Structures are given as structure tokens and as C-alpha cells.
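J.: Have a look at the structure that comes next, please.
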Amino acid sequence: GDSVTQMEGPVTLSEEAFLTINCTYTATGYPSLFWYVQYPGEGLQLLLKATKADDKGSNKGFEATYRKETTSFHLEKGSVQVSDSAVYFCALNSPGMGSARQLTFGSGTQLTVLP
Amino acid sequence: GAVVSQHPSRVICKSGTSVKIECRSLDFQATTMFWYRQFPKKSLMLMATSNEGSKATYEQGVEKDKFLINHASLTLSTLTVTSAHPEDSSFYICSASPSGANVLTFGAGSRLTVL
């Protein structure tokens, strides 16, 4: 079945450091790929998405490129801020899963940015 | 934007008792809501799809009689953990999306601890 493997945390960085959180997936067909972020005490929020190979999703300085050849969707940000501290989830949705809103999630990566 | 509220955010109960968790869509109607469970350092796992006015659809391996789901209105779904045991301790998260939207909105989650 479908699965998502993402980098285990926690990840601790200094402010303005470069961030990469790795995410790889296994899926049949051509899934859509997502990054969700969960700030302390809040629900998951969609950060960015990509729906086909070579698409780049971007939002709030974060980027991720859908790489079909390596089945990856790594999250990057050039200069992190303290306010980026959160848990980040990689997720996918495969065609034919029934509901387009059912998602398969990675285990989440806790990011802490120090001032 | 769409908001999903969960209540309670934290609950502690004794083994053998039942606990009800509510999921409300605050500014939109949701004919379908999703319930997820998250173990520490594990993925969010879809437990069931809650359908307004009809029976919920449970994922394989989820006990229907243990996790009762009721979706009595277009803005409220409830998850009742019956005869709770310590192994039911977990983080439960619901999600929904407005009709026609293809992005899920998540609640902040409910942490259940069974003593």
C-alpha cells in the first residue's frame, strides 16, 4: 500500500539556518503530495502541495519539488525563523483512494529554531 | 478560512469508562469528516470516515464497537471511545473540508489518557 517516510526528528537549528526535511513515498500511480505544518496547540495546516511530477510547491519561503524519479518531496527553506518551530508532516493522496481528501501521512518531524 | 474545532483538547479518564470527543466545523458544512489517530512519533492513521446521516466507514483493523462515530448534523461529528483502556491513549484528530474544496482543514486534536 501507499506509504510516506520522512526524516525523523527532532531537528534543531539556529535562526537563519538552511532547512531540509526529507520525505520519500511509495504509491501506485501518480499521487498528489503535500506538506502540512502543526504549530503548538493548533491543527494541521496545509503548507504547500504539488500534484504532478516536477511541480514545485511553495509558501512562506518553504519549497518542495515533486521528484518522480526519486519518489521524493523534500521540504526546504533557505533561512528559518523562530516562528517556524512546529511539526511538519509529509503526506500523499493517491488517485482511486475513494475520497480525494483521504491522506497517507508521514510520522512528522519536529523542528525547533533557536534565536 | 475554514475552521474545525475539537473538544476537549485533553481528557483523562479511568479504565472502563467512555469518552466522547467532538469535532465541529465552525463556518462551513461538512457532509464528511475524517477521524485520525496519532501515536507518539508515528504517522496519523485514518480511523474512519464520518458521513452525515449515515453510518461511518471504518478502516481495516479499527473496531467499530470500540470507536463509535456519530455524524448527526452537517457541522458536528462525535467520536466515542467506549470502555477505554490504557492502550487507547492517543492523540485523536478530526478533519473536514467545505464542499468543493480539495484541501482538508484539521482540528487541533484531542489527547486522551486512560489511567
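Ordered as shown in the C-alpha cells, chains take letters A, B, and onward, while each chain numbers its residues from 1 and ligands are numbered from 1 in the order shown.
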Residues of chain A within 6 Å of chain B, using only C-alpha atoms, as a PyMOL selection string?

T.: chain A and resi 42-44+105-107

J.: Could you save those same residues with N, CA and C atoms as a short mmCIF file (atom, residue, chain, number, x, y, z; two decimals), in the first residue's frame?

T.:
data_model
loop_
_atom_site.label_atom_id
_atom_site.label_comp_id
_atom_site.auth_asym_id
_atom_site.auth_seq_id
_atom_site.Cartn_x
_atom_site.Cartn_y
_atom_site.Cartn_z
N GLU A 42 -2.29 23.83 17.85
CA GLU A 42 -3.17 24.09 16.72
C GLU A 42 -3.34 22.86 15.86
N GLY A 43 -4.28 22.93 14.93
CA GLY A 43 -4.49 21.85 13.99
C GLY A 43 -3.47 21.87 12.87
N LEU A 44 -3.47 20.82 12.07
CA LEU A 44 -2.59 20.76 10.91
C LEU A 44 -3.06 21.77 9.87
N PHE A 105 -0.08 9.86 5.77
CA PHE A 105 0.87 10.78 6.38
C PHE A 105 2.18 10.12 6.74
N GLY A 106 3.24 10.91 6.71
CA GLY A 106 4.49 10.52 7.34
C GLY A 106 4.37 10.71 8.84
N SER A 107 5.42 10.37 9.56
CA SER A 107 5.37 10.37 11.02
C SER A 107 5.57 11.75 11.64
#

J.: Would you return as a CSV table (one decimal) with C-alpha atoms, in the first residue's frame the members of range 2-101 of chain A that DSSP assigns to strand (DSSP E) on this structure's backbone?

T.:
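Heads up, here's the output in out.csv:
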chain,number,residue,atom,x,y,z
A,3,SER,CA,3.4,4.9,2.5
A,4,VAL,CA,5.3,8.0,3.4
A,5,THR,CA,8.7,8.1,5.1
A,6,GLN,CA,10.1,11.3,6.4
A,11,VAL,CA,15.6,18.9,14.2
A,12,THR,CA,17.1,21.9,16.0
A,13,LEU,CA,18.5,24.8,14.0
A,14,SER,CA,19.7,28.3,14.7
A,19,LEU,CA,16.4,23.7,6.5
A,20,THR,CA,15.8,20.4,4.7
A,21,ILE,CA,13.3,17.8,5.8
A,23,CYS,CA,10.4,12.9,2.5
A,24,THR,CA,10.1,9.8,0.3
A,25,TYR,CA,7.0,8.0,-0.7
A,26,THR,CA,5.7,4.7,-2.1
A,32,SER,CA,-0.5,14.3,-5.1
A,33,LEU,CA,2.0,15.3,-2.5
A,34,PHE,CA,1.6,17.7,0.5
A,35,TRP,CA,3.4,19.2,3.4
A,36,TYR,CA,1.3,20.1,6.4
A,37,VAL,CA,2.5,22.1,9.5
A,38,GLN,CA,1.2,21.8,13.0
A,44,LEU,CA,-2.6,20.8,10.9
A,45,GLN,CA,-2.4,23.4,8.2
A,46,LEU,CA,-1.6,22.9,4.6
A,47,LEU,CA,1.8,24.4,3.9
A,48,LEU,CA,2.2,23.5,0.2
A,49,LYS,CA,1.4,20.9,-2.3
A,50,ALA,CA,2.3,19.5,-5.7
A,56,LYS,CA,7.3,22.9,-7.2
A,57,GLY,CA,5.1,23.9,-4.3
A,58,SER,CA,6.0,27.0,-2.3
A,59,ASN,CA,4.6,29.0,0.6
A,62,PHE,CA,9.2,26.9,2.0
A,63,GLU,CA,9.6,24.9,-1.1
A,64,ALA,CA,9.3,21.3,-2.2
A,65,THR,CA,9.7,19.7,-5.6
A,75,LEU,CA,10.9,20.3,2.2
A,76,GLU,CA,13.4,23.2,2.1
A,77,LYS,CA,13.7,26.7,3.4
A,86,ALA,CA,6.5,23.3,14.6
A,87,VAL,CA,5.9,19.7,13.5
A,88,TYR,CA,5.9,19.1,9.8
A,89,PHE,CA,4.1,16.3,8.1
A,90,CYS,CA,4.6,15.0,4.6
A,91,ALA,CA,1.5,13.4,3.1
A,92,LEU,CA,0.2,11.9,-0.2
A,93,ASN,CA,-3.1,11.3,-1.8

J.: Hey, which of A:Thr104, A:Ala17, A:Pro40, A:Val113 ends up closest to Gly78 in chain A? Count only C-alpha atoms.

T.: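 For Gly78 in chain A, the nearest of the given residues is A:Ala17.
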
J.: Closest to Thr51 in chain A among A:Val80, A:Tyr39, A:Glu8, A:Phe73, using only C-alpha atoms?

T.: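 Ranking A:Val80, A:Tyr39, A:Glu8, A:Phe73 by distance to Thr51 in chain A, first place goes to A:Phe73.
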
J.: For a test of reading the model, state the distance in Å between CA of Val81 in chain B and CA of Gly41 in chain A, rounded to one decimal.

T.: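 So the two atoms, CA of Val81 in chain B and CA of Gly41 in chain A, lie 22.1 Å apart.
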